[in-house]
Amino acid sequence: MRQLFLKIYDCYGKSLWAFAMVAGAFTFAIMCVIDANALTRKLFNWPLPAALEITQALLVGAIMLPFAFTQLKRQHVSTVFLTSNLSPTTRRWLHLLWSIVGFLLFAAVTYGTYQYALRSYRMNEQIWGAAIQFAIWPAKMAVSLGTLLITVQFLLDAIGFALIADFRAKDDENAELQGNV
Amino acid sequence: MSDLTIGFLGVFALLGSILLGAPIMVALTAVGFAGLILLSNFTAALSILGTLYYSIVSGFHFSVIPMFLLMGFFAMRAGIGADLFDACTKWLGRLPGGLALASTGAAAAFGAASGSSVGTATLFTKLALPEMINRGYDRGFAAASIAIAGTLAVLIPPSALMVVYGILTNSSIGKLLIAGILPGIVFSLIIIATIFIVSIINPKKAPADDRIYTWNERLWSLRMVGPLFLVIAIMLGGLYGGVFTPTEAGGLGALVTFFMATVRQRGFRGIEFGKTLLDTVVLTAMIFAIIIGGLLFARFLALSGVSGAIQAVLVDGGFSVWTVVAMVTVIYLILGMLMDAPSLLAISLPITHPVMIGLGFDPLWFGVYVIVLAEIGAITPPVGINCFVVKGAAGDLVTLEEIFGALTPFIIASFFMLAIMLLFPQIALWLPGLM
């Protein structure tokens, strides 16, 4: 049972890595679009068509797709000032509690963002760029996808903390140092 | 239960859950969401969540954050830090405390490119600390000077933390970035002066470097750092002159540091291209999760009336302005010891920002002031994130007790900086006022 769970956890982690890499490609693409737009606008007085709208659409993926991978890597920062003094068992139950809270919260967020995206899909909401027109609902669906991925990640974390005594115990040591700007 | 009671319970629930180890973005979002349900209803709260997420993550102006982060990671991969340290050592090394001065100067310049306090502290611990210890420096003093120098990264523009403040308070991001220039330079000079004074009073702590460099060697050392200064000057000049938007400045900076890294490391493999992008998106997701949670929490506080109630008590309650400033300062210093800077801003600004603006303080000035406070928190025990980072990167070269023990002059210097900001607010307002 434990081995099966860890295998599923590992596989899911690999898929989150793939989503995060896609987000990385989006980020690099945003840089290219912004620079190309700035240069063509300044040098030739010819802004890149729909640069703003393309950037907005890419930005959604760049931010939302790595949400779950960030949680997997424990980079969503938390403070361990108090909890580092607690026993490993107490810490484990606290992790379980926050994983359940995270699961319930992001399940609600996913439902809310999905309803929002669904409305956009049903009315075929379009974005109007300077030269092109494209549907806005895929970007809104990407928000739901990102929150769905982190919902599942919190669920898997909750199962892991409930079933396995030393689940991700090593992460506690570096939790506070991670994710600082 | 009144709305105000719900609001205050929300504040306590937030602080309690954070202390009990909840991921800060979960705590902010959960308390904000639960509070909105209690104050309105489930459907309305869900609707706010749905629209808030999309409106933030699709905001064109917010793309400046991933651009600044990308620029920082490319700058790190380019090895610019080593070049800066080499150049500063050749120019400043023979002064009392020369290597510590060099690492501060290099960290300030590198911080302008990277914007990462933790990244700068890690890098310069590895670059400068072993050499300082080999040259007879006091271990604690050497490590403490790096820990404080690392914090300059979040003040000297371009700084992602300034952008976070701008988003959370709806302030002008371009003006905020410009507002950080003079305080960043002044704070760097104060730290340099502190190192210099300590080195003169007690030369054993930081002996002067006895190596002699020719003018040719000194000038040659500038060859690799010149392009970095050029791009930063173009970015800030472009922002100041209205030629670039902050997003364009970030995109340009990322592009130039990308080329510098690729040339320096001879290709994509050398700069670990995939890892660089991965590091960037992970940090981007972390920051935006906190921003979204912070904005949701701010809406809850505003709706409950807590922000207004605290503002009314502090602004209209007969407290002197300086008493309120002292209270706000103490709150930030305490919270800054316990959590990272973006979380600190997300949790506190919904309460402190309206109060300070109500008292007549300029939002740009307050932004810079808060960032300086967050920097002080980053070196102050018991948490002092930068001290842990330095210790982590230094391994057995220095103990945490030695670092904390040597911090006193730098903490005094930081308070001196706060005093300057309070007495001369123009230091942050003069440049943006000319835009």
# chains A, B, ... in the order shown; residues from 1 in each chain; ligands from 1

call {"tool": "residues_around", "arguments": {"residues": "B:Leu168", "least_positions_apart": "3", "cutoff": "12 Å", "atoms": "only C-alpha atoms", "output": "JSON, numbers by chain"}}
result
{"B": [56, 62, 161, 162, 163, 164, 165, 171, 172, 173, 287, 288, 290, 291, 292, 293, 294, 295, 296, 297, 298, 299, 342, 343, 344, 345, 346, 347, 348, 349, 350, 351, 352, 353, 354, 363, 367]}

call {"tool": "write_last_selection", "arguments": {"atoms": "N, CA and C atoms", "output": "CSV table (one decimal), in the first residue's frame"}}
result
chain,number,residue,atom,x,y,z
B,56,ILE,N,-5.8,38.9,-11.3
B,56,ILE,CA,-4.4,39.1,-10.9
B,56,ILE,C,-3.4,38.4,-11.8
B,62,PHE,N,1.7,43.0,-14.1
B,62,PHE,CA,2.3,42.1,-13.1
B,62,PHE,C,3.3,41.1,-13.7
B,161,LEU,N,10.4,42.8,-4.7
B,161,LEU,CA,9.6,43.1,-3.5
B,161,LEU,C,8.9,44.5,-3.6
B,162,MET,N,9.6,45.4,-4.3
B,162,MET,CA,8.9,46.7,-4.5
B,162,MET,C,7.7,46.5,-5.3
B,163,VAL,N,7.8,45.6,-6.3
B,163,VAL,CA,6.6,45.4,-7.2
B,163,VAL,C,5.5,44.8,-6.4
B,164,VAL,N,5.9,43.8,-5.5
B,164,VAL,CA,4.8,43.2,-4.6
B,164,VAL,C,4.1,44.3,-3.8
B,165,TYR,N,4.9,45.2,-3.2
B,165,TYR,CA,4.3,46.3,-2.5
B,165,TYR,C,3.4,47.1,-3.4
B,171,SER,N,0.0,51.0,-5.9
B,171,SER,CA,0.9,52.2,-6.1
B,171,SER,C,1.6,52.1,-7.4
B,172,SER,N,2.1,53.2,-7.9
B,172,SER,CA,2.9,53.2,-9.1
B,172,SER,C,4.2,52.4,-9.0
B,173,ILE,N,4.2,51.3,-9.8
B,173,ILE,CA,5.4,50.4,-9.7
B,173,ILE,C,6.7,51.2,-10.2
B,287,ILE,N,5.3,33.8,-5.0
B,287,ILE,CA,5.0,35.2,-4.8
B,287,ILE,C,3.5,35.5,-5.1
B,288,PHE,N,3.1,35.0,-6.3
B,288,PHE,CA,1.7,35.4,-6.7
B,288,PHE,C,0.7,34.7,-5.8
B,290,ILE,N,1.0,34.3,-2.6
B,290,ILE,CA,0.9,35.2,-1.5
B,290,ILE,C,0.2,36.5,-1.8
B,291,ILE,N,0.4,37.0,-3.0
B,291,ILE,CA,-0.2,38.3,-3.4
B,291,ILE,C,-1.7,38.1,-3.5
B,292,ILE,N,-2.2,37.0,-4.1
B,292,ILE,CA,-3.6,36.7,-4.2
B,292,ILE,C,-4.2,36.5,-2.8
B,293,GLY,N,-3.6,35.7,-2.0
B,293,GLY,CA,-4.1,35.5,-0.6
B,293,GLY,C,-4.1,36.8,0.1
B,294,GLY,N,-3.1,37.7,0.0
B,294,GLY,CA,-3.0,39.0,0.6
B,294,GLY,C,-4.2,39.9,0.2
B,295,LEU,N,-4.4,39.9,-1.1
B,295,LEU,CA,-5.5,40.8,-1.6
B,295,LEU,C,-6.9,40.3,-1.1
B,296,LEU,N,-7.1,39.0,-1.1
B,296,LEU,CA,-8.3,38.4,-0.6
B,296,LEU,C,-8.5,38.8,0.9
B,297,PHE,N,-7.4,38.6,1.6
B,297,PHE,CA,-7.5,38.9,3.1
B,297,PHE,C,-7.8,40.4,3.3
B,298,ALA,N,-7.2,41.3,2.4
B,298,ALA,CA,-7.4,42.7,2.5
B,298,ALA,C,-8.9,43.1,2.2
B,299,ARG,N,-9.5,42.4,1.3
B,299,ARG,CA,-10.9,42.6,1.0
B,299,ARG,C,-11.8,42.2,2.2
B,342,PRO,N,7.8,38.9,1.4
B,342,PRO,CA,6.5,39.0,0.7
B,342,PRO,C,5.3,38.7,1.6
B,343,SER,N,5.5,37.7,2.5
B,343,SER,CA,4.4,37.3,3.4
B,343,SER,C,4.2,38.4,4.4
B,344,LEU,N,5.2,39.0,4.8
B,344,LEU,CA,5.1,40.1,5.8
B,344,LEU,C,4.3,41.3,5.2
B,345,LEU,N,4.6,41.6,3.9
B,345,LEU,CA,3.9,42.7,3.3
B,345,LEU,C,2.4,42.3,3.1
B,346,ALA,N,2.1,41.0,2.7
B,346,ALA,CA,0.8,40.6,2.4
B,346,ALA,C,-0.1,40.6,3.6
B,347,ILE,N,0.5,40.3,4.8
B,347,ILE,CA,-0.3,40.2,6.0
B,347,ILE,C,-0.5,41.6,6.6
B,348,SER,N,0.5,42.4,6.5
B,348,SER,CA,0.5,43.7,7.3
B,348,SER,C,-0.1,44.8,6.5
B,349,LEU,N,0.1,44.9,5.2
B,349,LEU,CA,-0.2,46.1,4.5
B,349,LEU,C,-1.7,46.5,4.5
B,350,PRO,N,-2.6,45.4,4.5
B,350,PRO,CA,-4.0,45.8,4.6
B,350,PRO,C,-4.4,46.7,5.8
B,351,ILE,N,-3.6,46.5,6.9
B,351,ILE,CA,-3.8,47.3,8.1
B,351,ILE,C,-3.0,48.5,8.2
B,352,THR,N,-1.7,48.4,7.9
B,352,THR,CA,-0.7,49.5,8.2
B,352,THR,C,-0.8,50.6,7.1
B,353,HIS,N,-1.0,50.1,5.8
B,353,HIS,CA,-1.0,51.1,4.7
B,353,HIS,C,-2.1,52.2,4.9
B,354,PRO,N,-3.4,51.8,5.1
B,354,PRO,CA,-4.4,52.9,5.3
B,354,PRO,C,-4.1,53.8,6.4
B,363,PRO,N,2.7,57.1,0.1
B,363,PRO,CA,2.8,55.7,-0.1
B,363,PRO,C,4.1,55.2,-0.7
B,367,GLY,N,6.5,52.6,1.3
B,367,GLY,CA,7.0,51.4,0.6
B,367,GLY,C,8.5,51.2,0.9

call {"tool": "closest_atom_pairs", "arguments": {"of": "chain A", "to": "chain B", "cutoff": "8 Å", "atoms": "only C-alpha atoms", "output": "JSON lines"}}
result
{"residue": "A:Ala20", "atom": "CA", "partner": "B:Leu278", "partner_atom": "CA", "distance": 6.5}
{"residue": "A:Met21", "atom": "CA", "partner": "B:Leu278", "partner_atom": "CA", "distance": 6.2}
{"residue": "A:Ala23", "atom": "CA", "partner": "B:Val281", "partner_atom": "CA", "distance": 6.6}
{"residue": "A:Gly24", "atom": "CA", "partner": "B:Leu277", "partner_atom": "CA", "distance": 4.7}
{"residue": "A:Ala25", "atom": "CA", "partner": "B:Leu277", "partner_atom": "CA", "distance": 7.3}
{"residue": "A:Thr27", "atom": "CA", "partner": "B:Pro66", "partner_atom": "CA", "distance": 7.0}
{"residue": "A:Phe28", "atom": "CA", "partner": "B:Leu277", "partner_atom": "CA", "distance": 7.6}
{"residue": "A:Met31", "atom": "CA", "partner": "B:Gly251", "partner_atom": "CA", "distance": 5.1}
{"residue": "A:Cys32", "atom": "CA", "partner": "B:Gly251", "partner_atom": "CA", "distance": 7.7}
{"residue": "A:Ile34", "atom": "CA", "partner": "B:Gly251", "partner_atom": "CA", "distance": 6.0}
{"residue": "A:Asp35", "atom": "CA", "partner": "B:Gly251", "partner_atom": "CA", "distance": 5.8}
{"residue": "A:Ala38", "atom": "CA", "partner": "B:Glu248", "partner_atom": "CA", "distance": 6.5}
{"residue": "A:Leu52", "atom": "CA", "partner": "B:Phe60", "partner_atom": "CA", "distance": 6.7}
{"residue": "A:Thr55", "atom": "CA", "partner": "B:Phe60", "partner_atom": "CA", "distance": 6.7}
{"residue": "A:Gln56", "atom": "CA", "partner": "B:Ser58", "partner_atom": "CA", "distance": 4.8}
{"residue": "A:Ala57", "atom": "CA", "partner": "B:Ser58", "partner_atom": "CA", "distance": 6.5}
{"residue": "A:Leu59", "atom": "CA", "partner": "B:Ser58", "partner_atom": "CA", "distance": 6.0}
{"residue": "A:Val60", "atom": "CA", "partner": "B:Val57", "partner_atom": "CA", "distance": 5.2}
{"residue": "A:Ala62", "atom": "CA", "partner": "B:Val281", "partner_atom": "CA", "distance": 6.6}
{"residue": "A:Ile63", "atom": "CA", "partner": "B:Ala285", "partner_atom": "CA", "distance": 5.2}
{"residue": "A:Met64", "atom": "CA", "partner": "B:Ala285", "partner_atom": "CA", "distance": 6.8}
{"residue": "A:Pro66", "atom": "CA", "partner": "B:Val282", "partner_atom": "CA", "distance": 6.1}
{"residue": "A:Phe67", "atom": "CA", "partner": "B:Ala285", "partner_atom": "CA", "distance": 5.4}
{"residue": "A:Phe69", "atom": "CA", "partner": "B:Val282", "partner_atom": "CA", "distance": 7.3}
{"residue": "A:Thr70", "atom": "CA", "partner": "B:Val282", "partner_atom": "CA", "distance": 5.3}
{"residue": "A:Gln75", "atom": "CA", "partner": "B:Met286", "partner_atom": "CA", "distance": 6.7}
{"residue": "A:His76", "atom": "CA", "partner": "B:Met286", "partner_atom": "CA", "distance": 5.3}
{"residue": "A:Val77", "atom": "CA", "partner": "B:Pro23", "partner_atom": "CA", "distance": 5.7}
{"residue": "A:Ser78", "atom": "CA", "partner": "B:Pro23", "partner_atom": "CA", "distance": 4.4}
{"residue": "A:Thr79", "atom": "CA", "partner": "B:Gly21", "partner_atom": "CA", "distance": 5.5}
{"residue": "A:Val80", "atom": "CA", "partner": "B:Gly21", "partner_atom": "CA", "distance": 5.8}
{"residue": "A:Phe81", "atom": "CA", "partner": "B:Leu338", "partner_atom": "CA", "distance": 6.6}
{"residue": "A:Leu82", "atom": "CA", "partner": "B:Leu19", "partner_atom": "CA", "distance": 6.1}
{"residue": "A:Thr83", "atom": "CA", "partner": "B:Leu20", "partner_atom": "CA", "distance": 6.1}
{"residue": "A:Leu94", "atom": "CA", "partner": "B:Leu20", "partner_atom": "CA", "distance": 7.4}
{"residue": "A:His95", "atom": "CA", "partner": "B:Ala22", "partner_atom": "CA", "distance": 7.8}
{"residue": "A:Trp98", "atom": "CA", "partner": "B:Ala22", "partner_atom": "CA", "distance": 5.8}
{"residue": "A:Val101", "atom": "CA", "partner": "B:Ala30", "partner_atom": "CA", "distance": 7.9}
{"residue": "A:Gly102", "atom": "CA", "partner": "B:Val26", "partner_atom": "CA", "distance": 6.2}
{"residue": "A:Leu105", "atom": "CA", "partner": "B:Ala30", "partner_atom": "CA", "distance": 6.3}
{"residue": "A:Ala108", "atom": "CA", "partner": "B:Leu46", "partner_atom": "CA", "distance": 7.3}
{"residue": "A:Val109", "atom": "CA", "partner": "B:Leu49", "partner_atom": "CA", "distance": 6.4}
{"residue": "A:Gly112", "atom": "CA", "partner": "B:Gly50", "partner_atom": "CA", "distance": 4.8}
{"residue": "A:Thr113", "atom": "CA", "partner": "B:Gly50", "partner_atom": "CA", "distance": 4.1}
{"residue": "A:Tyr114", "atom": "CA", "partner": "B:Gly50", "partner_atom": "CA", "distance": 7.6}
{"residue": "A:Gln115", "atom": "CA", "partner": "B:Gly50", "partner_atom": "CA", "distance": 7.6}
{"residue": "A:Tyr116", "atom": "CA", "partner": "B:Gly50", "partner_atom": "CA", "distance": 5.8}
{"residue": "A:Lys140", "atom": "CA", "partner": "B:Tyr54", "partner_atom": "CA", "distance": 6.5}
{"residue": "A:Val143", "atom": "CA", "partner": "B:Tyr54", "partner_atom": "CA", "distance": 6.7}
{"residue": "A:Glu176", "atom": "CA", "partner": "B:Ile385", "partner_atom": "CA", "distance": 7.9}
{"residue": "A:Leu177", "atom": "CA", "partner": "B:Ile385", "partner_atom": "CA", "distance": 6.6}
{"residue": "A:Gly179", "atom": "CA", "partner": "B:Leu283", "partner_atom": "CA", "distance": 6.3}
{"residue": "A:Asn180", "atom": "CA", "partner": "B:Asp340", "partner_atom": "CA", "distance": 5.8}
{"residue": "A:Val181", "atom": "CA", "partner": "B:Ser116", "partner_atom": "CA", "distance": 5.1}

call {"tool": "closest_residue", "arguments": {"among": "B:Cys387, B:Leu176, B:Ala78, B:Leu4", "to": "B:Ile271", "atoms": "only C-alpha atoms"}}
result
B:Ala78

call {"tool": "residues_around", "arguments": {"residues": "B:Thr329", "least_positions_apart": "5", "cutoff": "9 Å", "atoms": "only C-alpha atoms", "output": "VMD selection string"}}
result
chain B and resid 324 334 370 373

call {"tool": "write_last_selection", "arguments": {"atoms": "N, CA, C and O atoms", "output": "PDB file, in the first residue's frame"}}
result
ATOM      1  N   VAL B 324       2.503  56.468  16.443  1.00  0.00           N
ATOM      2  CA  VAL B 324       1.993  55.478  15.484  1.00  0.00           C
ATOM      3  C   VAL B 324       3.143  54.916  14.647  1.00  0.00           C
ATOM      4  O   VAL B 324       3.221  53.700  14.420  1.00  0.00           O
ATOM      5  N   ILE B 334       9.106  42.971  14.622  1.00  0.00           N
ATOM      6  CA  ILE B 334       8.768  41.681  15.248  1.00  0.00           C
ATOM      7  C   ILE B 334       8.354  40.681  14.174  1.00  0.00           C
ATOM      8  O   ILE B 334       8.875  39.562  14.112  1.00  0.00           O
ATOM      9  N   VAL B 370       9.044  50.376   4.590  1.00  0.00           N
ATOM     10  CA  VAL B 370       8.658  49.002   4.933  1.00  0.00           C
ATOM     11  C   VAL B 370       9.707  48.003   4.437  1.00  0.00           C
ATOM     12  O   VAL B 370      10.033  47.036   5.119  1.00  0.00           O
ATOM     13  N   LEU B 373      12.553  48.025   6.760  1.00  0.00           N
ATOM     14  CA  LEU B 373      12.196  47.278   7.974  1.00  0.00           C
ATOM     15  C   LEU B 373      12.272  45.773   7.728  1.00  0.00           C
ATOM     16  O   LEU B 373      12.749  45.007   8.575  1.00  0.00           O
TER      17      LEU B 373
END

call {"tool": "select_by_dssp", "arguments": {"residues": "stretch 255-431 of chain B", "states": "alpha helix (DSSP H)", "output": "PyMOL selection string"}}
result
chain B and resi 255-264+273-304+306-316+321-338+341-358+363-377+385-394+400-405+408-423+426-431

call {"tool": "residues_around", "arguments": {"residues": "A:Val152", "least_positions_apart": "3", "cutoff": "9 Å", "atoms": "only C-alpha atoms", "output": "list of chain:residue names"}}
result
A:Ala68, A:Phe103, A:Phe106, A:Ala107, A:Thr147, A:Leu148, A:Leu149, A:Leu155, A:Leu156, A:Asp157

call {"tool": "closest_residue", "arguments": {"among": "A:Leu163, A:Ile132, A:Ile100, A:Ala117", "to": "A:Ala51", "atoms": "only C-alpha atoms"}}
result
A:Ile132

call {"tool": "select_by_dssp", "arguments": {"residues": "stretch 11-168 of chain A", "states": "strand (DSSP E)", "output": "number ranges by chain"}}
result
A: 126-128, 133-135

call {"tool": "write_last_selection", "arguments": {"atoms": "N, CA and C atoms", "output": "mmCIF file, in the first residue's frame"}}
result
data_model
loop_
_atom_site.group_PDB
_atom_site.id
_atom_site.type_symbol
_atom_site.label_atom_id
_atom_site.label_comp_id
_atom_site.auth_asym_id
_atom_site.auth_seq_id
_atom_site.Cartn_x
_atom_site.Cartn_y
_atom_site.Cartn_z
ATOM 1 N N GLN A 126 -14.470 36.725 -26.098
ATOM 2 C CA GLN A 126 -13.289 36.936 -26.943
ATOM 3 C C GLN A 126 -12.447 38.091 -26.411
ATOM 4 N N ILE A 127 -11.156 38.002 -26.686
ATOM 5 C CA ILE A 127 -10.288 39.138 -26.373
ATOM 6 C C ILE A 127 -9.993 39.847 -27.689
ATOM 7 N N TRP A 128 -10.024 41.164 -27.635
ATOM 8 C CA TRP A 128 -9.813 41.953 -28.850
ATOM 9 C C TRP A 128 -8.444 42.591 -28.803
ATOM 10 N N GLN A 133 -8.048 38.448 -32.805
ATOM 11 C CA GLN A 133 -9.108 38.187 -31.833
ATOM 12 C C GLN A 133 -9.014 36.711 -31.456
ATOM 13 N N PHE A 134 -9.040 36.428 -30.153
ATOM 14 C CA PHE A 134 -9.018 35.009 -29.778
ATOM 15 C C PHE A 134 -9.829 34.800 -28.500
ATOM 16 N N ALA A 135 -10.176 33.534 -28.271
ATOM 17 C CA ALA A 135 -11.046 33.210 -27.132
ATOM 18 C C ALA A 135 -10.288 33.392 -25.815
#

call {"tool": "decode", "arguments": {"residues": "stretch 93-174 of chain A", "atoms": "C-alpha atoms", "output": "PDB file, in the first residue's frame"}}
result
ATOM      1  CA  TRP A  93      -0.446  16.018  12.526  1.00  0.00           C
ATOM      2  CA  LEU A  94      -0.099  19.735  11.862  1.00  0.00           C
ATOM      3  CA  HIS A  95       1.075  18.974   8.323  1.00  0.00           C
ATOM      4  CA  LEU A  96      -1.932  16.693   7.924  1.00  0.00           C
ATOM      5  CA  LEU A  97      -4.248  19.448   9.172  1.00  0.00           C
ATOM      6  CA  TRP A  98      -2.843  22.071   6.780  1.00  0.00           C
ATOM      7  CA  SER A  99      -2.904  19.628   3.882  1.00  0.00           C
ATOM      8  CA  ILE A 100      -6.612  18.963   4.506  1.00  0.00           C
ATOM      9  CA  VAL A 101      -7.282  22.708   4.832  1.00  0.00           C
ATOM     10  CA  GLY A 102      -5.337  23.291   1.608  1.00  0.00           C
ATOM     11  CA  PHE A 103      -7.275  20.534  -0.161  1.00  0.00           C
ATOM     12  CA  LEU A 104     -10.687  21.874   0.894  1.00  0.00           C
ATOM     13  CA  LEU A 105      -9.701  25.470   0.170  1.00  0.00           C
ATOM     14  CA  PHE A 106      -8.346  24.817  -3.297  1.00  0.00           C
ATOM     15  CA  ALA A 107     -11.225  22.483  -4.127  1.00  0.00           C
ATOM     16  CA  ALA A 108     -13.469  25.506  -3.508  1.00  0.00           C
ATOM     17  CA  VAL A 109     -11.127  27.786  -5.462  1.00  0.00           C
ATOM     18  CA  THR A 110     -11.150  25.316  -8.358  1.00  0.00           C
ATOM     19  CA  TYR A 111     -14.942  25.213  -8.327  1.00  0.00           C
ATOM     20  CA  GLY A 112     -15.114  29.033  -8.264  1.00  0.00           C
ATOM     21  CA  THR A 113     -12.561  29.574 -11.010  1.00  0.00           C
ATOM     22  CA  TYR A 114     -14.118  26.781 -13.112  1.00  0.00           C
ATOM     23  CA  GLN A 115     -17.572  28.364 -12.904  1.00  0.00           C
ATOM     24  CA  TYR A 116     -15.997  31.654 -13.941  1.00  0.00           C
ATOM     25  CA  ALA A 117     -14.239  29.991 -16.902  1.00  0.00           C
ATOM     26  CA  LEU A 118     -17.377  28.053 -17.857  1.00  0.00           C
ATOM     27  CA  ARG A 119     -19.390  31.266 -18.133  1.00  0.00           C
ATOM     28  CA  SER A 120     -16.710  32.649 -20.407  1.00  0.00           C
ATOM     29  CA  TYR A 121     -16.812  29.485 -22.549  1.00  0.00           C
ATOM     30  CA  ARG A 122     -20.605  29.486 -22.821  1.00  0.00           C
ATOM     31  CA  MET A 123     -20.735  33.097 -24.000  1.00  0.00           C
ATOM     32  CA  ASN A 124     -17.686  32.515 -26.237  1.00  0.00           C
ATOM     33  CA  GLU A 125     -15.946  35.477 -24.647  1.00  0.00           C
ATOM     34  CA  GLN A 126     -13.289  36.936 -26.943  1.00  0.00           C
ATOM     35  CA  ILE A 127     -10.288  39.138 -26.373  1.00  0.00           C
ATOM     36  CA  TRP A 128      -9.813  41.953 -28.850  1.00  0.00           C
ATOM     37  CA  GLY A 129      -6.198  42.647 -29.651  1.00  0.00           C
ATOM     38  CA  ALA A 130      -4.861  45.361 -31.898  1.00  0.00           C
ATOM     39  CA  ALA A 131      -5.019  43.026 -34.866  1.00  0.00           C
ATOM     40  CA  ILE A 132      -6.238  39.627 -33.784  1.00  0.00           C
ATOM     41  CA  GLN A 133      -9.108  38.187 -31.833  1.00  0.00           C
ATOM     42  CA  PHE A 134      -9.018  35.009 -29.778  1.00  0.00           C
ATOM     43  CA  ALA A 135     -11.046  33.210 -27.132  1.00  0.00           C
ATOM     44  CA  ILE A 136     -10.378  34.143 -23.520  1.00  0.00           C
ATOM     45  CA  TRP A 137     -11.781  30.979 -21.925  1.00  0.00           C
ATOM     46  CA  PRO A 138      -8.650  28.817 -22.386  1.00  0.00           C
ATOM     47  CA  ALA A 139      -6.709  31.251 -20.173  1.00  0.00           C
ATOM     48  CA  LYS A 140      -9.491  31.144 -17.602  1.00  0.00           C
ATOM     49  CA  MET A 141      -9.531  27.360 -17.774  1.00  0.00           C
ATOM     50  CA  ALA A 142      -5.756  27.395 -17.179  1.00  0.00           C
ATOM     51  CA  VAL A 143      -6.442  29.082 -13.835  1.00  0.00           C
ATOM     52  CA  SER A 144      -8.775  26.203 -12.915  1.00  0.00           C
ATOM     53  CA  LEU A 145      -6.224  23.657 -14.117  1.00  0.00           C
ATOM     54  CA  GLY A 146      -3.546  25.208 -11.907  1.00  0.00           C
ATOM     55  CA  THR A 147      -5.796  25.211  -8.845  1.00  0.00           C
ATOM     56  CA  LEU A 148      -6.993  21.653  -9.623  1.00  0.00           C
ATOM     57  CA  LEU A 149      -3.387  20.428  -9.749  1.00  0.00           C
ATOM     58  CA  ILE A 150      -2.603  21.935  -6.343  1.00  0.00           C
ATOM     59  CA  THR A 151      -5.857  20.538  -4.929  1.00  0.00           C
ATOM     60  CA  VAL A 152      -4.749  17.027  -5.897  1.00  0.00           C
ATOM     61  CA  GLN A 153      -1.266  17.742  -4.516  1.00  0.00           C
ATOM     62  CA  PHE A 154      -2.744  18.745  -1.141  1.00  0.00           C
ATOM     63  CA  LEU A 155      -4.905  15.593  -1.189  1.00  0.00           C
ATOM     64  CA  LEU A 156      -1.883  13.384  -1.860  1.00  0.00           C
ATOM     65  CA  ASP A 157       0.051  15.192   0.885  1.00  0.00           C
ATOM     66  CA  ALA A 158      -2.839  14.620   3.311  1.00  0.00           C
ATOM     67  CA  ILE A 159      -2.944  10.910   2.467  1.00  0.00           C
ATOM     68  CA  GLY A 160       0.836  10.696   2.823  1.00  0.00           C
ATOM     69  CA  PHE A 161       0.879  12.366   6.241  1.00  0.00           C
ATOM     70  CA  ALA A 162      -2.036  10.205   7.405  1.00  0.00           C
ATOM     71  CA  LEU A 163      -0.551   6.897   6.250  1.00  0.00           C
ATOM     72  CA  ILE A 164       3.219   7.290   6.587  1.00  0.00           C
ATOM     73  CA  ALA A 165       4.849   8.296   9.866  1.00  0.00           C
ATOM     74  CA  ASP A 166       7.998   9.860   8.400  1.00  0.00           C
ATOM     75  CA  PHE A 167       6.396  11.286   5.243  1.00  0.00           C
ATOM     76  CA  ARG A 168       8.553  14.188   3.985  1.00  0.00           C
ATOM     77  CA  ALA A 169      10.119  14.611   7.422  1.00  0.00           C
ATOM     78  CA  LYS A 170      13.358  15.972   5.965  1.00  0.00           C
ATOM     79  CA  ASP A 171      11.551  18.950   4.439  1.00  0.00           C
ATOM     80  CA  ASP A 172      10.951  20.485   7.870  1.00  0.00           C
ATOM     81  CA  GLU A 173      14.610  21.395   8.256  1.00  0.00           C
ATOM     82  CA  ASN A 174      14.695  23.821   5.342  1.00  0.00           C
TER      83      ASN A 174
END
